[in-house]
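Peer 1: Contents of work-v6.csv (CSV, C-alpha atoms and all ligand atoms) are given next:
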chain,number,residue,atom,x,y,z
Z,83,MET,CA,-14.7,16.8,-22.5
Z,84,LYS,CA,-13.1,15.6,-19.3
Z,85,GLN,CA,-13.8,18.0,-16.5
Z,86,ALA,CA,-12.0,18.9,-13.3
Z,87,ILE,CA,-13.8,18.4,-10.0
Z,88,GLN,CA,-13.7,21.2,-7.5
Z,89,ILE,CA,-12.7,19.9,-4.0
Z,90,LYS,CA,-12.1,23.2,-2.2
Z,91,PRO,CA,-12.5,26.9,-3.2
Z,92,ASN,CA,-10.0,27.2,-6.0
Z,93,ILE,CA,-8.6,23.7,-5.6
Z,94,TYR,CA,-9.5,21.0,-8.2
Z,95,TRP,CA,-9.0,17.3,-8.8
Z,96,VAL,CA,-7.5,16.9,-12.3
Z,97,GLY,CA,-6.4,13.3,-12.0
Z,98,VAL,CA,-7.2,10.3,-14.1
Z,99,HIS,CA,-8.9,6.9,-13.8
Z,100,ASP,CA,-7.1,3.7,-14.8
Z,101,PHE,CA,-10.1,1.4,-14.7
Z,102,ASN,CA,-8.3,-1.4,-16.6
Z,103,CYS,CA,-5.3,-1.6,-14.3
Z,104,ARG,CA,-5.1,-5.1,-12.8
Z,105,HIS,CA,-1.4,-5.2,-11.9
Z,106,PHE,CA,-0.3,-2.2,-9.9
Z,107,HIS,CA,3.4,-1.7,-9.9
Z,108,GLY,CA,4.1,-4.5,-12.3
Z,109,ASP,CA,3.1,-7.9,-10.9
Z,110,LEU,CA,3.7,-6.8,-7.3
Z,111,PHE,CA,0.2,-5.9,-6.4
Z,112,PRO,CA,-2.8,-7.5,-8.3
Z,113,ILE,CA,-5.9,-5.3,-8.0
Z,114,SER,CA,-9.4,-6.0,-9.1
Z,115,GLU,CA,-11.1,-2.7,-10.0
Z,116,GLY,CA,-8.5,-0.4,-11.3
Z,117,THR,CA,-7.0,2.7,-9.6
Z,118,THR,CA,-6.6,6.5,-10.1
Z,119,TYR,CA,-3.6,8.7,-10.4
Z,120,ASN,CA,-4.6,12.0,-8.7
Z,121,SER,CA,-3.3,15.4,-9.6
Z,122,TYR,CA,-4.5,18.6,-8.1
Z,123,LEU,CA,-4.6,22.1,-9.4
Z,124,ILE,CA,-4.5,25.1,-7.1
Z,125,VAL,CA,-5.8,28.3,-8.8
Z,126,ASP,CA,-4.4,31.2,-6.9
Z,127,GLU,CA,-2.6,34.4,-8.0
Z,128,GLU,CA,-0.1,31.8,-9.2
Z,129,ILE,CA,-1.4,28.5,-10.5
Z,130,THR,CA,0.2,25.3,-9.1
Z,131,LEU,CA,-0.1,21.7,-10.1
Z,132,ILE,CA,0.5,19.0,-7.5
Z,133,ASP,CA,1.8,15.8,-9.1
Z,134,THR,CA,1.3,14.7,-12.6
Z,135,VAL,CA,0.0,11.3,-13.8
Z,136,GLU,CA,1.1,8.2,-15.7
Z,137,GLU,CA,2.3,9.4,-19.1
Z,138,GLU,CA,-0.3,7.2,-20.9
Z,139,PHE,CA,-3.0,9.3,-19.3
Z,140,PHE,CA,-1.3,12.7,-19.7
Z,141,ASP,CA,-3.9,14.0,-22.2
Z,142,VAL,CA,-6.8,13.3,-19.9
Z,143,MET,CA,-5.1,15.3,-17.1
Z,144,MET,CA,-4.5,18.2,-19.5
Z,145,GLU,CA,-8.2,18.2,-20.6
Z,146,ARG,CA,-9.2,18.5,-16.9
Z,147,ILE,CA,-6.7,21.3,-16.4
Z,148,HIS,CA,-7.9,23.1,-19.4
Z,149,SER,CA,-11.5,22.8,-18.2
Z,150,VAL,CA,-10.5,25.1,-15.3
Z,151,ILE,CA,-7.9,27.5,-16.6
Z,152,GLY,CA,-8.2,27.3,-20.4
Z,153,ASP,CA,-5.0,28.5,-21.9
Z,154,LYS,CA,-3.6,30.2,-18.9
Z,155,LYS,CA,-0.1,29.3,-17.9
Z,156,ILE,CA,0.8,27.2,-14.9
Z,157,ASP,CA,3.4,28.8,-12.7
Z,158,ASN,CA,4.5,26.0,-10.3
Z,159,VAL,CA,4.5,22.2,-10.4
Z,160,ILE,CA,5.2,20.1,-7.3
Z,161,VAL,CA,6.7,16.6,-7.7
Z,162,GLN,CA,5.8,14.9,-4.5
Z,163,HIS,CA,7.2,11.5,-5.6
Z,164,ALA,CA,9.3,10.5,-8.5
Z,165,GLU,CA,7.8,7.0,-9.0
Z,166,PRO,CA,6.6,6.9,-12.6
Z,167,ASP,CA,2.9,6.5,-11.7
Z,168,HIS,CA,3.1,10.1,-10.6
Z,169,SER,CA,6.1,11.5,-12.5
Z,170,SER,CA,6.1,9.9,-16.0
Z,171,GLY,CA,3.8,12.7,-17.2
Z,172,PHE,CA,6.1,15.3,-15.9
Z,173,THR,CA,8.4,15.6,-19.0
Z,174,LYS,CA,5.4,16.2,-21.2
Z,175,PHE,CA,4.0,18.7,-18.7
Z,176,MET,CA,7.3,20.6,-18.9
Z,177,GLU,CA,7.1,20.6,-22.7
Z,178,CYS,CA,3.6,22.2,-22.4
Z,179,TYR,CA,4.6,24.6,-19.6
Z,180,PRO,CA,8.3,25.2,-20.1
Z,181,ASN,CA,8.2,28.2,-17.7
Z,182,ALA,CA,6.6,26.4,-14.9
Z,183,LYS,CA,8.8,26.3,-11.8
Z,184,PRO,CA,9.3,22.7,-10.5
Z,185,PHE,CA,9.6,21.9,-6.8
Z,186,ALA,CA,10.7,18.7,-5.2
Z,187,SER,CA,12.6,17.2,-2.3
Z,188,ASN,CA,16.3,16.5,-2.7
Z,189,ALA,CA,15.7,12.8,-3.0
Z,190,SER,CA,13.1,13.3,-5.7
Z,191,ILE,CA,15.4,15.6,-7.7
Z,192,LEU,CA,18.1,12.9,-7.7
Z,193,ILE,CA,15.6,10.2,-8.8
Z,194,MET,CA,14.0,12.4,-11.4
Z,195,LEU,CA,17.5,13.0,-13.0
Z,196,LYS,CA,18.2,9.3,-13.0
Z,197,GLN,CA,14.9,8.4,-14.5
Z,198,TYR,CA,14.5,11.2,-17.1
Z,199,PHE,CA,18.1,12.2,-17.8
Z,200,LYS,CA,17.4,15.9,-17.8
Z,201,ASP,CA,18.1,18.7,-15.3
Z,202,TYR,CA,14.8,20.6,-14.8
Z,203,ASN,CA,16.3,23.2,-12.5
Z,204,PHE,CA,14.1,22.1,-9.6
Z,205,THR,CA,13.7,24.2,-6.5
Z,206,LYS,CA,14.8,21.9,-3.7
Z,207,VAL,CA,12.5,21.9,-0.7
Z,208,LYS,CA,12.6,20.2,2.7
Z,209,THR,CA,10.2,19.9,5.7
Z,210,GLY,CA,8.9,23.3,6.7
Z,211,ASP,CA,9.8,25.1,3.5
Z,212,THR,CA,6.9,27.0,1.9
Z,213,LEU,CA,5.6,28.2,-1.4
Z,214,CYS,CA,3.3,31.2,-1.4
Z,215,SER,CA,1.0,31.2,-4.4
Z,216,GLY,CA,-0.8,34.4,-3.5
Z,217,LYS,CA,-3.5,34.0,-0.9
Z,218,LEU,CA,-2.4,30.4,-0.1
Z,219,THR,CA,0.8,29.1,1.5
Z,220,LEU,CA,1.9,25.6,0.7
Z,221,THR,CA,4.0,23.9,3.3
Z,222,PHE,CA,6.2,20.9,2.4
Z,223,ILE,CA,6.7,17.9,4.7
Z,224,GLU,CA,9.1,15.2,3.6
Z,225,MET,CA,7.7,11.6,4.0
Z,226,PRO,CA,10.8,9.4,3.3
Z,227,MET,CA,10.1,5.7,2.7
Z,228,ILE,CA,6.3,6.1,2.6
Z,229,HIS,CA,6.8,4.6,0.0
Z,230,TRP,CA,10.2,5.6,-1.7
Z,231,PRO,CA,12.9,7.7,-0.2
Z,232,ASP,CA,11.5,10.9,-1.8
Z,233,ASN,CA,7.8,10.9,-0.9
Z,234,MET,CA,6.5,14.3,0.2
Z,235,LEU,CA,3.3,15.8,1.6
Z,236,THR,CA,2.1,19.3,0.8
Z,237,TYR,CA,-0.2,21.1,3.3
Z,238,VAL,CA,-2.3,24.2,2.7
Z,239,GLU,CA,-3.2,25.6,6.0
Z,240,LYS,CA,-5.9,28.1,4.9
Z,241,GLU,CA,-7.9,25.3,3.2
Z,242,LYS,CA,-7.0,22.7,5.8
Z,243,ILE,CA,-6.0,20.2,3.1
Z,244,ALA,CA,-3.0,17.8,3.0
Z,245,PHE,CA,-1.9,16.4,-0.3
Z,246,SER,CA,-0.4,13.2,1.0
Z,247,ASN,CA,0.7,11.4,-2.2
Z,248,ASP,CA,1.1,7.6,-1.6
Z,249,ALA,CA,0.2,7.8,2.1
Z,250,PHE,CA,-3.5,7.2,2.7
Z,251,GLY,CA,-4.0,6.0,-0.8
Z,252,GLN,CA,-6.3,3.1,-1.9
Z,253,HIS,CA,-7.5,1.6,-5.1
Z,254,ILE,CA,-11.1,2.9,-5.2
Z,255,ALA,CA,-11.6,4.1,-8.8
Z,256,SER,CA,-14.8,6.0,-9.0
Z,257,TYR,CA,-16.4,9.2,-10.2
Z,258,ASP,CA,-17.6,9.7,-6.7
Z,259,ILE,CA,-14.2,10.9,-5.5
Z,260,PHE,CA,-15.0,11.5,-1.8
Z,261,ASP,CA,-14.9,8.8,1.0
Z,262,ASP,CA,-18.4,9.3,2.2
Z,263,ALA,CA,-19.9,8.0,-1.1
Z,264,HIS,CA,-18.3,4.6,-0.4
Z,265,GLY,CA,-18.9,4.0,3.3
Z,266,LEU,CA,-16.5,3.7,6.1
Z,267,SER,CA,-16.0,0.0,6.0
Z,268,LYS,CA,-15.0,-0.1,2.3
Z,269,CYS,CA,-12.7,2.9,2.5
Z,270,ILE,CA,-10.8,1.6,5.5
Z,271,ASP,CA,-10.6,-1.9,4.0
Z,272,GLN,CA,-9.2,-0.5,0.8
Z,273,ALA,CA,-6.7,1.6,2.7
Z,274,LYS,CA,-5.6,-1.5,4.6
Z,275,ASN,CA,-5.3,-3.4,1.4
Z,276,TYR,CA,-3.1,-0.7,-0.1
Z,277,TYR,CA,-1.0,-0.3,3.0
Z,278,ALA,CA,-0.4,-4.0,3.4
Z,279,ASN,CA,0.7,-4.4,-0.2
Z,280,ILE,CA,2.7,-1.1,-0.7
Z,281,VAL,CA,3.7,0.4,2.6
Z,282,MET,CA,3.9,-2.5,5.1
Z,283,PRO,CA,7.7,-2.7,5.1
Z,284,TYR,CA,7.9,0.9,6.3
Z,285,GLY,CA,5.8,0.7,9.4
Z,286,THR,CA,8.5,2.3,11.6
Z,287,GLN,CA,8.8,5.3,9.3
Z,288,VAL,CA,5.0,5.6,9.1
Z,289,ALA,CA,4.6,5.5,12.9
Z,290,ASN,CA,7.3,8.1,13.3
Z,291,LYS,CA,5.8,10.3,10.6
Z,292,LEU,CA,2.3,10.1,12.1
Z,293,LYS,CA,3.7,11.2,15.4
Z,294,GLN,CA,5.6,14.1,13.8
Z,295,ILE,CA,2.4,15.2,12.0
Z,296,GLN,CA,0.4,15.0,15.2
Z,297,ASP,CA,3.1,17.0,17.0
Z,298,MET,CA,2.8,19.7,14.3
Z,299,ASP,CA,-0.9,20.0,15.3
Z,300,LEU,CA,-1.9,20.6,11.7
Z,301,ASP,CA,-5.6,21.5,11.2
Z,302,ILE,CA,-6.7,19.1,8.5
Z,303,ASP,CA,-10.2,18.5,7.2
Z,304,MET,CA,-9.3,16.9,3.9
Z,305,ILE,CA,-6.6,14.4,2.9
Z,306,ALA,CA,-6.0,14.2,-0.8
Z,307,PRO,CA,-3.9,11.2,-1.7
Z,308,ALA,CA,-2.4,10.3,-5.1
Z,309,HIS,CA,-4.5,7.1,-5.5
Z,310,GLY,CA,-8.2,6.6,-5.0
Z,311,ILE,CA,-10.8,8.6,-3.2
Z,312,ILE,CA,-10.2,11.8,-1.1
Z,313,TRP,CA,-10.8,11.7,2.6
Z,314,ARG,CA,-13.0,14.3,4.2
Z,315,THR,CA,-15.5,12.4,6.5
Z,316,TYR,CA,-13.5,9.4,7.8
Z,317,ILE,CA,-10.2,11.2,8.7
Z,318,PRO,CA,-10.2,10.2,12.4
Z,319,GLU,CA,-10.9,6.6,11.5
Z,320,LEU,CA,-8.2,6.7,8.8
Z,321,LEU,CA,-5.5,8.1,11.1
Z,322,SER,CA,-6.5,5.6,13.8
Z,323,ALA,CA,-6.3,2.7,11.3
Z,324,TYR,CA,-2.9,3.9,10.0
Z,325,GLN,CA,-1.6,3.9,13.6
Z,326,ASP,CA,-2.8,0.3,13.9
Z,327,PHE,CA,-1.3,-0.7,10.6
Z,328,ALA,CA,2.1,0.9,11.3
Z,329,THR,CA,2.4,-0.8,14.7
Z,330,PHE,CA,1.1,-4.2,13.4
Z,331,LYS,CA,-1.7,-4.1,15.9
Z,332,ALA,CA,-3.1,-7.7,15.8
Z,333,SER,CA,-6.2,-9.5,16.8
Z,334,ASP,CA,-6.7,-13.2,17.8
Z,335,LYS,CA,-6.2,-14.2,14.2
Z,336,ALA,CA,-4.1,-16.7,12.3
Z,337,VAL,CA,-3.4,-16.9,8.5
Z,338,ILE,CA,-2.6,-20.3,7.0
Z,339,VAL,CA,-1.0,-20.3,3.6
Z,340,TYR,CA,-0.2,-23.6,2.0
Z,341,GLU,CA,0.4,-25.4,-1.3
Z,342,SER,CA,-0.7,-29.0,-1.9
Z,343,ILE,CA,-1.0,-31.2,-5.0
Z,344,TRP,CA,-2.4,-34.4,-3.5
Z,345,LYS,CA,-4.2,-32.7,-0.6
Z,346,HIS,CA,-2.1,-34.2,2.2
Z,347,THR,CA,-0.7,-30.8,3.2
Z,348,GLN,CA,-4.2,-29.3,2.6
Z,349,MET,CA,-5.6,-31.9,5.1
Z,350,MET,CA,-3.0,-30.8,7.6
Z,351,ALA,CA,-3.8,-27.1,7.0
Z,352,GLU,CA,-7.5,-27.7,7.5
Z,353,ALA,CA,-7.0,-29.8,10.7
Z,354,LEU,CA,-4.8,-27.0,12.2
Z,355,ALA,CA,-7.4,-24.4,11.0
Z,356,GLU,CA,-10.3,-26.2,12.6
Z,357,GLY,CA,-8.3,-26.7,15.9
Z,358,MET,CA,-7.8,-22.9,16.0
Z,359,GLY,CA,-11.1,-21.9,14.6
Z,360,ARG,CA,-13.1,-24.0,17.0
Z,361,ASN,CA,-11.3,-22.4,19.9
Z,362,GLY,CA,-11.9,-18.7,19.4
Z,363,ILE,CA,-9.4,-17.7,16.7
Z,364,CYS,CA,-10.3,-16.1,13.4
Z,365,VAL,CA,-8.6,-18.3,10.9
Z,366,LYS,CA,-7.9,-17.3,7.3
Z,367,ILE,CA,-6.8,-20.3,5.2
Z,368,TYR,CA,-5.5,-19.9,1.6
Z,369,LYS,CA,-4.1,-22.2,-1.0
Z,370,CYS,CA,-1.3,-20.0,-2.2
Z,371,SER,CA,-1.4,-20.6,-5.9
Z,372,ALA,CA,-5.2,-20.1,-6.0
Z,373,THR,CA,-5.3,-16.8,-4.1
Z,374,SER,CA,-4.4,-13.3,-5.2
Z,375,PRO,CA,-1.4,-12.3,-3.1
Z,376,GLU,CA,-3.1,-8.9,-2.3
Z,377,ILE,CA,-5.6,-10.8,-0.2
Z,378,ILE,CA,-3.0,-12.7,1.8
Z,379,MET,CA,-0.9,-9.6,2.5
Z,380,LYS,CA,-4.0,-7.7,3.7
Z,381,GLU,CA,-5.1,-10.5,6.0
Z,382,LEU,CA,-1.7,-11.2,7.6
Z,383,LEU,CA,-1.2,-7.5,8.5
Z,384,ASP,CA,-3.3,-7.9,11.7
Z,385,ALA,CA,-2.8,-11.6,12.3
Z,386,LYS,CA,-0.8,-12.8,15.3
Z,387,VAL,CA,0.3,-16.1,13.7
Z,388,ILE,CA,1.2,-17.2,10.2
Z,389,MET,CA,1.3,-20.9,9.4
Z,390,VAL,CA,3.1,-21.8,6.1
Z,391,GLY,CA,2.7,-25.3,4.6
Z,392,SER,CA,4.1,-27.0,1.5
Z,393,GLY,CA,4.4,-30.4,0.1
Z,394,ASN,CA,7.7,-31.7,-1.1
Z,395,TYR,CA,8.4,-31.3,-4.8
Z,396,ASN,CA,11.8,-32.8,-5.9
Z,397,ASN,CA,13.3,-32.0,-2.6
Z,398,ALA,CA,12.1,-28.4,-2.7
Z,399,MET,CA,9.1,-26.5,-1.4
Z,400,ALA,CA,6.4,-25.3,-3.8
Z,401,GLY,CA,7.5,-22.4,-5.9
Z,402,SER,CA,4.4,-20.4,-4.8
Z,403,ILE,CA,5.4,-20.9,-1.1
Z,404,ALA,CA,9.1,-20.0,-1.9
Z,405,ALA,CA,7.8,-16.8,-3.5
Z,406,PHE,CA,5.5,-16.1,-0.6
Z,407,LEU,CA,8.3,-16.5,1.9
Z,408,GLU,CA,10.5,-14.2,-0.1
Z,409,LYS,CA,7.8,-11.5,-0.1
Z,410,LEU,CA,7.0,-12.1,3.6
Z,411,GLY,CA,10.6,-11.7,4.5
Z,412,SER,CA,10.7,-8.3,2.7
Z,413,CYS,CA,7.8,-7.0,4.7
Z,414,LYS,CA,9.6,-6.6,8.0
Z,415,VAL,CA,6.5,-7.8,10.0
Z,416,LYS,CA,6.6,-7.3,13.7
Z,417,GLY,CA,4.9,-8.9,16.7
Z,418,LYS,CA,4.0,-12.1,14.9
Z,419,LYS,CA,5.0,-15.7,15.2
Z,420,ALA,CA,5.0,-18.4,12.5
Z,421,LEU,CA,5.5,-22.1,11.9
Z,422,GLY,CA,5.9,-24.4,8.9
Z,423,PHE,CA,4.2,-27.6,8.2
Z,424,GLY,CA,3.8,-30.0,5.3
Z,425,SER,CA,3.5,-33.5,4.0
Z,426,TYR,CA,6.5,-35.4,2.4
Z,427,GLY,CA,7.2,-38.7,0.7
Z,428,TRP,CA,10.9,-39.7,0.7
Z,429,PHE,CA,12.6,-36.5,1.8
Z,430,ASN,CA,11.7,-35.0,5.1
Z,431,GLY,CA,13.3,-31.6,4.9
Z,432,ILE,CA,10.8,-29.0,3.6
Z,433,THR,CA,9.1,-28.1,6.9
Z,434,LYS,CA,12.6,-27.4,8.4
Z,435,GLN,CA,13.4,-25.3,5.3
Z,436,ILE,CA,10.2,-23.3,5.7
Z,437,ASN,CA,11.0,-22.7,9.4
Z,438,GLU,CA,14.5,-21.5,8.5
Z,439,ARG,CA,13.1,-19.1,5.9
Z,440,LEU,CA,10.7,-17.7,8.4
Z,441,VAL,CA,13.4,-17.1,10.9
Z,442,LYS,CA,15.6,-15.6,8.3
Z,443,GLY,CA,12.7,-13.3,7.4
Z,444,GLY,CA,12.7,-12.0,11.0
Z,445,ILE,CA,9.6,-13.9,12.2
Z,446,PRO,CA,10.2,-16.0,15.3
Z,447,LEU,CA,8.8,-19.6,15.4
Z,448,LEU,CA,5.8,-20.4,17.6
Z,449,ASN,CA,7.7,-23.3,19.0
Z,450,ASP,CA,10.2,-26.0,18.0
Z,451,GLN,CA,7.8,-28.5,16.6
Z,452,ILE,CA,8.4,-29.9,13.2
Z,453,LEU,CA,5.0,-30.5,11.7
Z,454,ALA,CA,6.0,-32.9,9.0
Z,455,GLN,CA,3.7,-35.7,7.8
Z,456,ASN,CA,4.8,-38.7,5.9
Z,457,TYR,CA,2.3,-39.2,3.0
Z,458,THR,CA,-1.4,-39.2,3.9
Z,459,PRO,CA,-2.4,-38.1,7.4
Z,460,THR,CA,-4.4,-40.8,9.2
Z,461,THR,CA,-7.4,-39.9,11.3
Z,462,THR,CA,-5.2,-40.1,14.4
Z,463,ASP,CA,-2.7,-37.7,12.7
Z,464,LEU,CA,-5.5,-35.2,11.9
Z,465,ASP,CA,-6.8,-35.4,15.5
Z,466,SER,CA,-3.3,-34.7,16.7
Z,467,LEU,CA,-3.1,-31.7,14.4
Z,468,HIS,CA,-6.5,-30.5,15.6
Z,469,GLU,CA,-5.1,-30.6,19.1
Z,470,ILE,CA,-2.0,-28.7,18.0
Z,471,GLY,CA,-4.3,-26.1,16.5
Z,472,LYS,CA,-6.1,-25.9,19.8
Z,473,ALA,CA,-2.9,-25.3,21.6
Z,474,ILE,CA,-1.8,-22.6,19.2
Z,475,ALA,CA,-5.2,-21.0,19.8
Z,476,GLN,CA,-4.4,-20.7,23.4
Z,477,GLU,CA,-0.9,-19.4,22.6
Z,478,ILE,CA,-2.5,-16.7,20.3
Z,479,LYS,CA,-4.8,-15.6,23.1
Z,480,ASN,CA,-1.7,-15.2,25.4
Z,481,MET,CA,0.3,-13.2,22.9
G,501,LIG,FE1,2.0,5.8,-6.2
G,501,LIG,FE2,5.1,5.0,-4.8
G,501,LIG,O1,3.8,5.5,-6.2
Could you render the structure as structure tokens?
Ligand code: FEO

Peer 2:
Amino acid sequence: MKQAIQIKPNIYWVGVHDFNCRHFHGDLFPISEGTTYNSYLIVDEEITLIDTVEEEFFDVMMERIHSVIGDKKIDNVIVQHAEPDHSSGFTKFMECYPNAKPFASNASILIMLKQYFKDYNFTKVKTGDTLCSGKLTLTFIEMPMIHWPDNMLTYVEKEKIAFSNDAFGQHIASYDIFDDAHGLSKCIDQAKNYYANIVMPYGTQVANKLKQIQDMDLDIDMIAPAHGIIWRTYIPELLSAYQDFATFKASDKAVIVYESIWKHTQMMAEALAEGMGRNGICVKIYKCSATSPEIIMKELLDAKVIMVGSGNYNNAMAGSIAAFLEKLGSCKVKGKKALGFGSYGWFNGITKQINERLVKGGIPLLNDQILAQNYTPTTTDLDSLHEIGKAIAQEIKNM
């Protein structure tokens, strides 16, 4: 029988593992080791469930719930976020517990109606509203756009726990459900990966919300997100990292993303990389079609410069680079500069197109150079690109 895991007196993790998940949110976010959908059960004078799970795993959540409360009724259910990874089990939940009282933000209620076509008579809550379940008082804090308009956090002051939903999530799928079992480095790296691939476009909202939560001076010793492990040991490091993520705090680092069939553009990428890498810059270089996009998004979060290269294919840039630029433009990155490059045969227009796409995506160009190479770079061409890389290294240090 699947068991609940107690995380505080009278508070239990009743979530599920999705070990086989390799594409989180469709094809948007490839992941390597699965994820979790976390639900939490608060057993007080009234019993409250925080979030449900993907419908596919509903029965597992129910088994874990029954392991704690048997056939007792659940009085309240809080929908912190209407995205289906957390809400698609809700309709089945309401069939099992038709008298449970559902709570959600106004934005969530509207989305739930549009997704599930039924009015569940939600109690609408906003920041500062509370639910008293007996000895415990649950306080709601809206977290709009972290990640959808409706995200919400629930804080239980007496137990010093914040149920943060998508915020502070990561894809660590394990039966060791606390951060300290996995080590600081892995936990922060996974949180960075999750942030870069899910939350990055909403940095302004994250920074504002972090400040609001700091100003509220909440006493928190546990953060229980809706994905991955629960934070209890590395909370100061996590909050500091989120502050860095939200403000795009960058190091002396460049990310080079390119596509190349006959290796001419690849030769350019490697010459630029060496010019930077030999002059004090951390350089990450990726052939776009051969690299999981999750890696590229994570690495560019704290880079100062992004170089984007493509060969010329029937007067168009490579499809992988076009897709990358589309995604990059949606991420609303700040404080970074970029530049295109690439080799061409009989149409010298792709580097210019890449630069135009970068600017359109809100990323200023490093300079007005057009790094376009006709066919194969000579040794002299590569030496020149090495020098350009060296100059970019200096520019990065000055940023
Ligand atoms: Fe985990 Fe925005 O859903």

Peer 1: Please return as a ChimeraX atom specification the residues found within 12 Å of ligand LIG 501 (chain G), counting all atoms listed in the file.

Peer 2: /Z:106-108,111,117-121,133-136,161-170,190,225-234,246-253,276-277,279-281,307-310

Peer 1: Determine the nearest neighbour of Pro446 in chain Z from the options Z:Pro459, Z:Gly391, Z:Gly417, Z:Gly431, counting all atoms listed in the file.

Peer 2: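 Among the listed residues, Z:Gly417 lies closest to Pro446 in chain Z.
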
Peer 1: What lies within 9 Å of range 123-129 of chain Z using only C-alpha atoms, ignoring chain neighbours under 6 positions off, as a compact mmCIF listing (two decimals) with C-alpha atoms, keeping the file's coordinate frame?

Peer 2:
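result08.txt, written as the output of this step:
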# COMPACT_ATOMS: atom_id res chain seq x y z
CA ALA Z 86 -12.00 18.90 -13.30
CA PRO Z 91 -12.50 26.90 -3.20
CA ASN Z 92 -10.00 27.20 -6.00
CA ILE Z 93 -8.60 23.70 -5.60
CA TYR Z 94 -9.50 21.00 -8.20
CA TRP Z 95 -9.00 17.30 -8.80
CA VAL Z 96 -7.50 16.90 -12.30
CA ILE Z 147 -6.70 21.30 -16.40
CA VAL Z 150 -10.50 25.10 -15.30
CA ILE Z 151 -7.90 27.50 -16.60
CA LYS Z 154 -3.60 30.20 -18.90
CA LYS Z 155 -0.10 29.30 -17.90
CA ILE Z 156 0.80 27.20 -14.90
CA ASP Z 157 3.40 28.80 -12.70
CA ASN Z 158 4.50 26.00 -10.30
CA VAL Z 159 4.50 22.20 -10.40
CA CYS Z 214 3.30 31.20 -1.40
CA SER Z 215 1.00 31.20 -4.40
CA GLY Z 216 -0.80 34.40 -3.50
CA LYS Z 217 -3.50 34.00 -0.90
CA LEU Z 218 -2.40 30.40 -0.10

Peer 1: What's the separation between CA of His468 in chain Z and CA of Leu453 in chain Z, in Å to one decimal place?

Peer 2: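 Going from CA of His468 in chain Z over to CA of Leu453 in chain Z, I get 12.1 Å.
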
Peer 1: Ranking Z:Phe423, Z:Phe222, Z:Phe406, Z:Phe330 by minimum distance to Leu447 in chain Z and counting only C-alpha atoms, which one comes first?

Peer 2: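 Of Z:Phe423, Z:Phe222, Z:Phe406, Z:Phe330, the one nearest Leu447 in chain Z is Z:Phe423, counting only C-alpha atoms.
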
Peer 1: Have a look at CA of Val365 in chain Z and CA of Asp271 in chain Z and let me know their distance in Å, one decimal.

Peer 2: 17.9 Å

Peer 1: For CA of Ile367 in chain Z and CA of Lys335 in chain Z, quote the distance in Å rounded to one decimal.

Peer 2: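 Between CA of Ile367 in chain Z and CA of Lys335 in chain Z the gap is 10.9 Å.
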
Peer 1: Nearest residue to Gln294 in chain Z out of Z:Glu224, Z:Lys183, Z:Gly357, Z:Cys103, using all atoms listed in the file?

Peer 2: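 The shortest atom-to-atom distance to Gln294 in chain Z comes from Z:Glu224.
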
Peer 1: With distances taken over all atoms listed in the file, which residue among Z:Tyr316, Z:Ser333, Z:Cys413, Z:Ile295 lies nearest Pro283 in chain Z?

Peer 2: Z:Cys413

Peer 1: Contacts of Met349 in chain Z at 12 Å or less, counting only C-alpha atoms, minus same-chain residues fewer than 4 places along, as a PyMOL selection string?

Peer 2: chain Z and resi 340-345+353-356+367+369+391-393+423-425+455+457-461+463-465+467-468

Peer 1: Counting only C-alpha atoms, which residue out of Z:Lys293, Z:Ser412, Z:Lys274, Z:Ala404 sits closest to Ser371 in chain Z?

Peer 2: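 For Ser371 in chain Z, the nearest of the given residues is Z:Ala404.
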
Peer 1: Quick one: residues within 8 Å of Pro112 in chain Z, all atoms listed in the file, excluding same-chain residues fewer than 4 positions away - as a PyMOL selection string?

Peer 2: chain Z and resi 104-106+374-376

Peer 1: Write out as a VMD selection string the residues lying within 10 Å of Gln435 in chain Z, counting all atoms listed in the file and excluding same-chain residues fewer than 5 positions away.

Peer 2: chain Z and resid 398 to 399 404 422 to 423 430 440 to 441

Peer 1: Using all atoms listed in the file, which of Z:Asn394, Z:Ile378, Z:Ser267, Z:Ile470 sits nearest Glu352 in chain Z?

Peer 2: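 The shortest atom-to-atom distance to Glu352 in chain Z comes from Z:Ile470.
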